[in-house]
Amino acid sequence: MATLATAPAPATTSSPPQVTWGRVRQSRRLADRLLKVVSALFTAIGVFALGWILLMLLWQGFAALGPSVFLHTMPGPGSAGGGLLNAMAGSLIMTTIGIVVATPIGVLAGTYLAEYARTSKLASGIRFVNDILLSAPSILIGLFVYTLLVAPFGAYSGWAGGVALAIIAVPVIVRTTEDMLRLVPNGLREAAAALGAPPSRVITLVTWRAARAGIVTGILLATARIAGETAPLLFTALNNNFWFSPSLIGGVSNLPVTIYQFALSPYTNWQELAWAGALIITITILGLSVLARFVIKREVAR
């Protein structure tokens, strides 16, 4: 019988030294502590910068704040006294126009993306455009509305300012509405459909009610987003030191542009009014943000 040839035994290689688990744990603890220290350091820097800005705003703003700010119109150059009543009224009107225009568009668009076209190519395109609008510089939106509504008519107007603010608010409401509707359990939709309700009734009576807190929060956040916008109003509403026309045609006074102009002026009275206006806008935006969080917490508690 033929003998089978045996294969040569493989050469043995020396294995690398094994790292002990103690050293691994020690290096991980060191990396964890280092990351905590770096994170805490940069957090402290950010809090310090924001706190410094806020304290300066409170100090200067409250020093200039008084009853005349809410009772009188803007003063002339170099004059004493005066207030910001017409600027606050103009900002309130244009912000209201922007939200009234943006809310139905944003809510319905977000509903379409969440309920009717979740995976369609059209929905993907809409989401892409919406993301671009979310990050688009507001000055470009102001220039677009200027070309569309100001230059053809040869006059600035509060309507153009409201449209510019609406364009800024729409993507915020769209994104929030879609996200909130996606959080509604499908079981609620299926239960309503099983009872014979058409999709339109399911949306209006079930999903909108279940997500109403989130939708309202999105509207409030959009309001806070546009309340302090300056760049688009420079191209659309401009400004007015006096009461504006009831038709909103012509320059319309508003707080953001007034703050910008008064802060750059050489007059001490105007600079003080700029600090007061900045404080008013900051408190308004803070109040809207707190209200939005309160609405969410109240709905979750239910």
# chains A, B, ... in the order shown; residues from 1 in each chain; ligands from 1
call {"tool": "select_by_dssp", "arguments": {"residues": "range 22-157 of chain A", "states": "alpha helix (DSSP H)", "output": "PyMOL selection string"}}
result
chain A and resi 22-64+67-71+85-111+121-135+138-145
call {"tool": "residues_around", "arguments": {"residues": "Ser245 in chain A", "least_positions_apart": "6", "cutoff": "10 Å", "atoms": "only C-alpha atoms", "output": "ChimeraX atom specification"}}
result
/A:157-158,251-252
call {"tool": "residues_around", "arguments": {"residues": "range 224-239 of chain A", "least_positions_apart": "5", "cutoff": "8 Å", "atoms": "only C-alpha atoms", "output": "ChimeraX atom specification"}}
result
/A:91,95,138-143,145-146,150,156-161,164-165,168-169,250-258,260,281,284-285,288-289
call {"tool": "write_last_selection", "arguments": {"atoms": "N, CA and C atoms", "output": "compact mmCIF listing (two decimals), in the first residue's frame"}}
result
# COMPACT_ATOMS: atom_id res chain seq x y z
N SER A 91 -44.60 96.63 13.24
CA SER A 91 -44.07 95.26 13.37
C SER A 91 -45.18 94.27 13.67
N THR A 95 -46.02 91.26 11.11
CA THR A 95 -45.86 89.91 11.63
C THR A 95 -47.18 89.15 11.56
N SER A 138 -32.09 85.50 4.83
CA SER A 138 -33.32 86.29 4.76
C SER A 138 -33.18 87.49 3.83
N ILE A 139 -31.96 87.97 3.64
CA ILE A 139 -31.78 89.12 2.76
C ILE A 139 -32.09 88.75 1.31
N LEU A 140 -31.84 87.50 0.94
CA LEU A 140 -32.18 87.05 -0.42
C LEU A 140 -33.70 87.00 -0.60
N ILE A 141 -34.41 86.58 0.44
CA ILE A 141 -35.86 86.57 0.38
C ILE A 141 -36.39 87.99 0.26
N GLY A 142 -35.79 88.93 0.99
CA GLY A 142 -36.18 90.32 0.86
C GLY A 142 -35.94 90.85 -0.54
N LEU A 143 -34.81 90.50 -1.14
CA LEU A 143 -34.50 90.94 -2.51
C LEU A 143 -35.48 90.34 -3.51
N VAL A 145 -38.66 89.44 -2.90
CA VAL A 145 -39.94 90.12 -2.76
C VAL A 145 -39.85 91.55 -3.28
N TYR A 146 -38.70 92.18 -3.14
CA TYR A 146 -38.51 93.52 -3.71
C TYR A 146 -38.70 93.49 -5.22
N VAL A 150 -42.20 95.20 -4.97
CA VAL A 150 -41.84 96.60 -4.71
C VAL A 150 -41.45 97.32 -6.00
N TYR A 156 -42.51 101.09 -1.59
CA TYR A 156 -42.42 100.13 -0.49
C TYR A 156 -43.80 99.98 0.14
N SER A 157 -44.01 98.86 0.81
CA SER A 157 -45.32 98.64 1.42
C SER A 157 -45.21 97.62 2.54
N GLY A 158 -46.16 97.72 3.46
CA GLY A 158 -46.24 96.74 4.53
C GLY A 158 -46.70 95.38 4.03
N TRP A 159 -47.45 95.37 2.92
CA TRP A 159 -47.88 94.10 2.34
C TRP A 159 -46.68 93.30 1.83
N ALA A 160 -45.75 94.00 1.18
CA ALA A 160 -44.54 93.32 0.72
C ALA A 160 -43.73 92.80 1.90
N GLY A 161 -43.66 93.59 2.98
CA GLY A 161 -42.97 93.12 4.17
C GLY A 161 -43.62 91.89 4.78
N ALA A 164 -42.75 88.85 2.65
CA ALA A 164 -41.39 88.40 2.90
C ALA A 164 -41.30 87.61 4.21
N LEU A 165 -41.95 88.10 5.24
CA LEU A 165 -41.96 87.38 6.51
C LEU A 165 -42.70 86.04 6.39
N ILE A 168 -40.46 83.39 4.99
CA ILE A 168 -39.52 82.89 6.00
C ILE A 168 -40.22 81.93 6.97
N ALA A 169 -41.49 82.20 7.28
CA ALA A 169 -42.20 81.38 8.28
C ALA A 169 -42.71 80.07 7.71
N GLY A 250 -46.31 102.60 0.97
CA GLY A 250 -45.27 103.51 1.40
C GLY A 250 -44.47 102.90 2.53
N GLY A 251 -43.50 103.63 3.02
CA GLY A 251 -42.70 103.11 4.12
C GLY A 251 -43.52 102.86 5.36
N VAL A 252 -43.31 101.72 5.97
CA VAL A 252 -44.04 101.33 7.18
C VAL A 252 -43.02 101.17 8.31
N SER A 253 -43.24 101.86 9.39
CA SER A 253 -42.32 101.78 10.52
C SER A 253 -42.36 100.39 11.14
N ASN A 254 -41.22 99.95 11.63
CA ASN A 254 -41.13 98.63 12.26
C ASN A 254 -39.94 98.63 13.20
N LEU A 255 -39.99 97.79 14.20
CA LEU A 255 -38.96 97.78 15.24
C LEU A 255 -37.57 97.34 14.75
N PRO A 256 -37.45 96.25 13.99
CA PRO A 256 -36.09 95.82 13.62
C PRO A 256 -35.31 96.88 12.85
N VAL A 257 -35.93 97.48 11.82
CA VAL A 257 -35.22 98.49 11.04
C VAL A 257 -34.98 99.74 11.87
N THR A 258 -35.93 100.10 12.74
CA THR A 258 -35.74 101.25 13.62
C THR A 258 -34.54 101.04 14.55
N TYR A 260 -31.97 99.16 13.96
CA TYR A 260 -30.78 99.24 13.12
C TYR A 260 -30.39 100.69 12.83
N ILE A 281 -38.14 93.41 21.74
CA ILE A 281 -38.13 92.26 20.82
C ILE A 281 -37.63 91.00 21.53
N THR A 284 -40.30 89.66 23.80
CA THR A 284 -41.38 89.09 23.00
C THR A 284 -41.02 87.70 22.50
N ILE A 285 -39.82 87.56 21.93
CA ILE A 285 -39.39 86.26 21.41
C ILE A 285 -39.25 85.25 22.55
N LEU A 288 -42.71 84.07 23.51
CA LEU A 288 -43.26 83.11 22.56
C LEU A 288 -42.62 81.73 22.72
N SER A 289 -41.32 81.70 22.95
CA SER A 289 -40.64 80.42 23.15
C SER A 289 -41.12 79.71 24.41
call {"tool": "closest_residue", "arguments": {"among": "A:Pro171, A:Gly187, A:Gly196, A:Pro266", "to": "Ile105 in chain A", "atoms": "only C-alpha atoms"}}
result
A:Pro171
call {"tool": "residues_around", "arguments": {"residues": "Arg182 in chain A", "least_positions_apart": "5", "cutoff": "9 Å", "atoms": "only C-alpha atoms", "output": "NGL selection string"}}
result
:A and (114-115 or 177)
call {"tool": "write_last_selection", "arguments": {"atoms": "C-alpha atoms", "output": "compact mmCIF listing (two decimals), in the first residue's frame"}}
result
# COMPACT_ATOMS: atom_id res chain seq x y z
CA ALA A 114 -47.12 63.43 6.17
CA GLU A 115 -50.45 61.95 5.10
CA THR A 177 -46.37 70.07 11.03
call {"tool": "residues_around", "arguments": {"residues": "Ala292 in chain A", "least_positions_apart": "6", "cutoff": "12 Å", "atoms": "only C-alpha atoms", "output": "mmCIF file with N, CA and C atoms, in the first residue's frame"}}
result
data_model
loop_
_atom_site.group_PDB
_atom_site.id
_atom_site.type_symbol
_atom_site.label_atom_id
_atom_site.label_comp_id
_atom_site.auth_asym_id
_atom_site.auth_seq_id
_atom_site.Cartn_x
_atom_site.Cartn_y
_atom_site.Cartn_z
ATOM 1 N N ARG A 212 -52.224 68.749 17.549
ATOM 2 C CA ARG A 212 -52.485 70.189 17.567
ATOM 3 C C ARG A 212 -51.465 70.958 18.413
ATOM 4 N N ALA A 213 -50.983 70.358 19.493
ATOM 5 C CA ALA A 213 -49.996 71.058 20.321
ATOM 6 C C ALA A 213 -48.707 71.291 19.551
ATOM 7 N N GLY A 214 -48.255 70.285 18.820
ATOM 8 C CA GLY A 214 -47.037 70.447 18.032
ATOM 9 C C GLY A 214 -47.213 71.439 16.904
ATOM 10 N N ILE A 215 -48.381 71.434 16.262
ATOM 11 C CA ILE A 215 -48.633 72.373 15.175
ATOM 12 C C ILE A 215 -48.657 73.806 15.703
ATOM 13 N N VAL A 216 -49.353 74.014 16.829
ATOM 14 C CA VAL A 216 -49.394 75.352 17.432
ATOM 15 C C VAL A 216 -47.992 75.790 17.843
ATOM 16 N N THR A 217 -47.199 74.863 18.352
ATOM 17 C CA THR A 217 -45.827 75.188 18.718
ATOM 18 C C THR A 217 -45.032 75.639 17.504
ATOM 19 N N GLY A 218 -45.207 74.961 16.373
ATOM 20 C CA GLY A 218 -44.517 75.363 15.157
ATOM 21 C C GLY A 218 -44.909 76.761 14.714
ATOM 22 N N ILE A 219 -46.188 77.092 14.851
ATOM 23 C CA ILE A 219 -46.652 78.436 14.483
ATOM 24 C C ILE A 219 -46.033 79.484 15.407
ATOM 25 N N LEU A 220 -45.972 79.180 16.708
ATOM 26 C CA LEU A 220 -45.366 80.115 17.655
ATOM 27 C C LEU A 220 -43.870 80.296 17.392
ATOM 28 N N LEU A 221 -43.186 79.210 17.078
ATOM 29 C CA LEU A 221 -41.762 79.307 16.771
ATOM 30 C C LEU A 221 -41.530 80.088 15.485
ATOM 31 N N ALA A 222 -42.406 79.911 14.506
ATOM 32 C CA ALA A 222 -42.289 80.693 13.280
ATOM 33 C C ALA A 222 -42.522 82.175 13.550
ATOM 34 N N THR A 223 -43.464 82.481 14.446
ATOM 35 C CA THR A 223 -43.700 83.876 14.822
ATOM 36 C C THR A 223 -42.469 84.480 15.482
ATOM 37 N N ALA A 224 -41.857 83.718 16.387
ATOM 38 C CA ALA A 224 -40.633 84.196 17.020
ATOM 39 C C ALA A 224 -39.501 84.338 16.009
ATOM 40 N N ILE A 285 -39.819 87.559 21.931
ATOM 41 C CA ILE A 285 -39.390 86.257 21.413
ATOM 42 C C ILE A 285 -39.249 85.247 22.548
ATOM 43 N N LEU A 286 -38.708 85.692 23.687
ATOM 44 C CA LEU A 286 -38.589 84.797 24.842
ATOM 45 C C LEU A 286 -39.966 84.345 25.315
ATOM 46 N N ARG A 298 -48.052 70.942 28.507
ATOM 47 C CA ARG A 298 -49.451 70.778 28.910
ATOM 48 C C ARG A 298 -50.105 69.655 28.135
ATOM 49 N N GLU A 299 -49.784 69.547 26.846
ATOM 50 C CA GLU A 299 -50.360 68.473 26.033
ATOM 51 C C GLU A 299 -49.816 67.109 26.437
#
call {"tool": "atom_distance", "arguments": {"atom1": "CA of Val170 in chain A", "atom2": "CA of Ala102 in chain A"}}
result
5.0 Å
call {"tool": "closest_residue", "arguments": {"among": "A:Leu291, A:Val69, A:Ala80, A:Ala211", "to": "Thr268 in chain A", "atoms": "only C-alpha atoms"}}
result
A:Ala80
call {"tool": "residues_around", "arguments": {"residues": "range 42-59 of chain A", "least_positions_apart": "5", "cutoff": "8 Å", "atoms": "only C-alpha atoms", "output": "PyMOL selection string"}}
result
chain A and resi 275+278-279
call {"tool": "atom_distance", "arguments": {"atom1": "CA of Ile126 in chain A", "atom2": "CA of Ile93 in chain A"}}
result
29.4 Å
call {"tool": "atom_distance", "arguments": {"atom1": "CA of Leu188 in chain A", "atom2": "CA of Ala210 in chain A"}}
result
9.1 Å
call {"tool": "closest_residue", "arguments": {"among": "A:Ile296, A:Leu273, A:Ile203, A:Val107", "to": "Gly61 in chain A", "atoms": "only C-alpha atoms"}}
result
A:Leu273
call {"tool": "closest_atom_pairs", "arguments": {"of": "range 128-240 of chain A", "to": "range 108-113 of chain A", "cutoff": "9 Å", "atoms": "only C-alpha atoms", "output": "Markdown table"}}
result
| residue | atom | partner | partner_atom | distance |
| --- | --- | --- | --- | --- |
| A:Ile173 | CA | A:Gly110 | CA | 7.5 |
| A:Val174 | CA | A:Gly110 | CA | 4.5 |
| A:Arg175 | CA | A:Gly110 | CA | 6.5 |
| A:Thr176 | CA | A:Gly110 | CA | 7.6 |
| A:Thr177 | CA | A:Gly110 | CA | 5.1 |
| A:Glu178 | CA | A:Gly110 | CA | 4.5 |
| A:Asp179 | CA | A:Gly110 | CA | 8.2 |
| A:Leu181 | CA | A:Thr111 | CA | 7.2 |
| A:Ile203 | CA | A:Thr111 | CA | 8.3 |
| A:Trp208 | CA | A:Thr111 | CA | 8.8 |
call {"tool": "closest_residue", "arguments": {"among": "A:Pro198, A:Leu122, A:Val206, A:Leu92", "to": "Pro185 in chain A", "atoms": "only C-alpha atoms"}}
result
A:Val206
call {"tool": "closest_residue", "arguments": {"among": "A:Leu65, A:Val172, A:Ala166, A:Asn269", "to": "Gly81 in chain A", "atoms": "only C-alpha atoms"}}
result
A:Asn269
call {"tool": "decode", "arguments": {"residues": "range 183-231 of chain A", "atoms": "N, CA and C atoms", "output": "tab-separated table (two decimals), in the first residue's frame"}}
result
chain	number	residue	atom	x	y	z
A	183	LEU	N	-45.65	61.65	14.15
A	183	LEU	CA	-45.60	61.05	15.48
A	183	LEU	C	-46.96	60.47	15.92
A	184	VAL	N	-48.01	60.80	15.19
A	184	VAL	CA	-49.33	60.27	15.53
A	184	VAL	C	-49.36	58.77	15.20
A	185	PRO	N	-49.75	57.90	16.12
A	185	PRO	CA	-49.76	56.45	15.83
A	185	PRO	C	-50.71	56.12	14.69
A	186	ASN	N	-50.28	55.19	13.85
A	186	ASN	CA	-51.12	54.76	12.74
A	186	ASN	C	-52.38	54.05	13.21
A	187	GLY	N	-52.35	53.53	14.44
A	187	GLY	CA	-53.55	52.86	14.95
A	187	GLY	C	-54.74	53.80	15.04
A	188	LEU	N	-54.50	55.08	15.32
A	188	LEU	CA	-55.61	56.04	15.37
A	188	LEU	C	-56.21	56.23	13.98
A	189	ARG	N	-55.36	56.31	12.97
A	189	ARG	CA	-55.86	56.46	11.60
A	189	ARG	C	-56.64	55.22	11.18
A	190	GLU	N	-56.11	54.04	11.49
A	190	GLU	CA	-56.76	52.80	11.10
A	190	GLU	C	-58.10	52.62	11.81
A	191	ALA	N	-58.16	53.03	13.09
A	191	ALA	CA	-59.42	52.91	13.82
A	191	ALA	C	-60.48	53.82	13.22
A	192	ALA	N	-60.10	55.05	12.86
A	192	ALA	CA	-61.06	55.97	12.26
A	192	ALA	C	-61.49	55.48	10.87
A	193	ALA	N	-60.54	54.94	10.10
A	193	ALA	CA	-60.89	54.42	8.78
A	193	ALA	C	-61.79	53.20	8.88
A	194	ALA	N	-61.60	52.40	9.93
A	194	ALA	CA	-62.44	51.21	10.11
A	194	ALA	C	-63.89	51.59	10.40
A	195	LEU	N	-64.10	52.78	10.94
A	195	LEU	CA	-65.46	53.24	11.22
A	195	LEU	C	-66.12	53.86	9.99
A	196	GLY	N	-65.38	53.90	8.87
A	196	GLY	CA	-65.94	54.41	7.64
A	196	GLY	C	-65.65	55.86	7.35
A	197	ALA	N	-64.76	56.49	8.12
A	197	ALA	CA	-64.44	57.89	7.90
A	197	ALA	C	-63.51	58.03	6.70
A	198	PRO	N	-63.78	58.97	5.80
A	198	PRO	CA	-62.89	59.21	4.66
A	198	PRO	C	-61.58	59.81	5.14
A	199	PRO	N	-60.53	59.79	4.30
A	199	PRO	CA	-59.23	60.32	4.73
A	199	PRO	C	-59.29	61.78	5.19
A	200	SER	N	-60.10	62.60	4.54
A	200	SER	CA	-60.17	64.00	4.94
A	200	SER	C	-60.71	64.15	6.37
A	201	ARG	N	-61.72	63.34	6.72
A	201	ARG	CA	-62.26	63.40	8.07
A	201	ARG	C	-61.28	62.82	9.09
A	202	VAL	N	-60.53	61.80	8.69
A	202	VAL	CA	-59.53	61.23	9.58
A	202	VAL	C	-58.47	62.28	9.91
A	203	ILE	N	-58.07	63.05	8.90
A	203	ILE	CA	-57.02	64.06	9.12
A	203	ILE	C	-57.55	65.19	10.01
A	204	THR	N	-58.72	65.72	9.67
A	204	THR	CA	-59.22	66.89	10.40
A	204	THR	C	-59.69	66.56	11.81
A	205	LEU	N	-60.26	65.37	12.01
A	205	LEU	CA	-60.85	65.03	13.31
A	205	LEU	C	-59.96	64.17	14.19
A	206	VAL	N	-58.94	63.52	13.60
A	206	VAL	CA	-58.11	62.62	14.39
A	206	VAL	C	-56.66	63.10	14.44
A	207	THR	N	-56.01	63.12	13.29
A	207	THR	CA	-54.57	63.42	13.30
A	207	THR	C	-54.29	64.88	13.68
A	208	TRP	N	-55.07	65.81	13.15
A	208	TRP	CA	-54.84	67.22	13.53
A	208	TRP	C	-55.08	67.44	15.01
A	209	ARG	N	-56.11	66.81	15.56
A	209	ARG	CA	-56.37	66.97	16.98
A	209	ARG	C	-55.27	66.33	17.83
A	210	ALA	N	-54.77	65.19	17.38
A	210	ALA	CA	-53.70	64.54	18.15
A	210	ALA	C	-52.40	65.33	18.10
A	211	ALA	N	-52.18	66.08	17.02
A	211	ALA	CA	-50.92	66.80	16.85
A	211	ALA	C	-51.08	68.30	17.00
A	212	ARG	N	-52.22	68.75	17.55
A	212	ARG	CA	-52.49	70.19	17.57
A	212	ARG	C	-51.46	70.96	18.41
A	213	ALA	N	-50.98	70.36	19.49
A	213	ALA	CA	-50.00	71.06	20.32
A	213	ALA	C	-48.71	71.29	19.55
A	214	GLY	N	-48.25	70.29	18.82
A	214	GLY	CA	-47.04	70.45	18.03
A	214	GLY	C	-47.21	71.44	16.90
A	215	ILE	N	-48.38	71.43	16.26
A	215	ILE	CA	-48.63	72.37	15.17
A	215	ILE	C	-48.66	73.81	15.70
A	216	VAL	N	-49.35	74.01	16.83
A	216	VAL	CA	-49.39	75.35	17.43
A	216	VAL	C	-47.99	75.79	17.84
A	217	THR	N	-47.20	74.86	18.35
A	217	THR	CA	-45.83	75.19	18.72
A	217	THR	C	-45.03	75.64	17.50
A	218	GLY	N	-45.21	74.96	16.37
A	218	GLY	CA	-44.52	75.36	15.16
A	218	GLY	C	-44.91	76.76	14.71
A	219	ILE	N	-46.19	77.09	14.85
A	219	ILE	CA	-46.65	78.44	14.48
A	219	ILE	C	-46.03	79.48	15.41
A	220	LEU	N	-45.97	79.18	16.71
A	220	LEU	CA	-45.37	80.11	17.65
A	220	LEU	C	-43.87	80.30	17.39
A	221	LEU	N	-43.19	79.21	17.08
A	221	LEU	CA	-41.76	79.31	16.77
A	221	LEU	C	-41.53	80.09	15.48
A	222	ALA	N	-42.41	79.91	14.51
A	222	ALA	CA	-42.29	80.69	13.28
A	222	ALA	C	-42.52	82.18	13.55
A	223	THR	N	-43.46	82.48	14.45
A	223	THR	CA	-43.70	83.88	14.82
A	223	THR	C	-42.47	84.48	15.48
A	224	ALA	N	-41.86	83.72	16.39
A	224	ALA	CA	-40.63	84.20	17.02
A	224	ALA	C	-39.50	84.34	16.01
A	225	ARG	N	-39.51	83.48	15.01
A	225	ARG	CA	-38.44	83.53	13.98
A	225	ARG	C	-38.51	84.81	13.16
A	226	ILE	N	-39.70	85.28	12.82
A	226	ILE	CA	-39.83	86.43	11.94
A	226	ILE	C	-39.99	87.75	12.69
A	227	ALA	N	-40.19	87.67	14.00
A	227	ALA	CA	-40.45	88.91	14.75
A	227	ALA	C	-39.26	89.85	14.75
A	228	GLY	N	-38.05	89.33	14.67
A	228	GLY	CA	-36.87	90.19	14.72
A	228	GLY	C	-36.13	90.31	13.41
A	229	GLU	N	-36.74	89.90	12.30
A	229	GLU	CA	-36.06	89.98	11.01
A	229	GLU	C	-35.91	91.42	10.55
A	230	THR	N	-34.71	91.76	10.12
A	230	THR	CA	-34.43	93.13	9.67
A	230	THR	C	-34.16	93.20	8.17
A	231	ALA	N	-33.34	92.29	7.66
A	231	ALA	CA	-32.89	92.37	6.27
A	231	ALA	C	-34.04	92.37	5.25
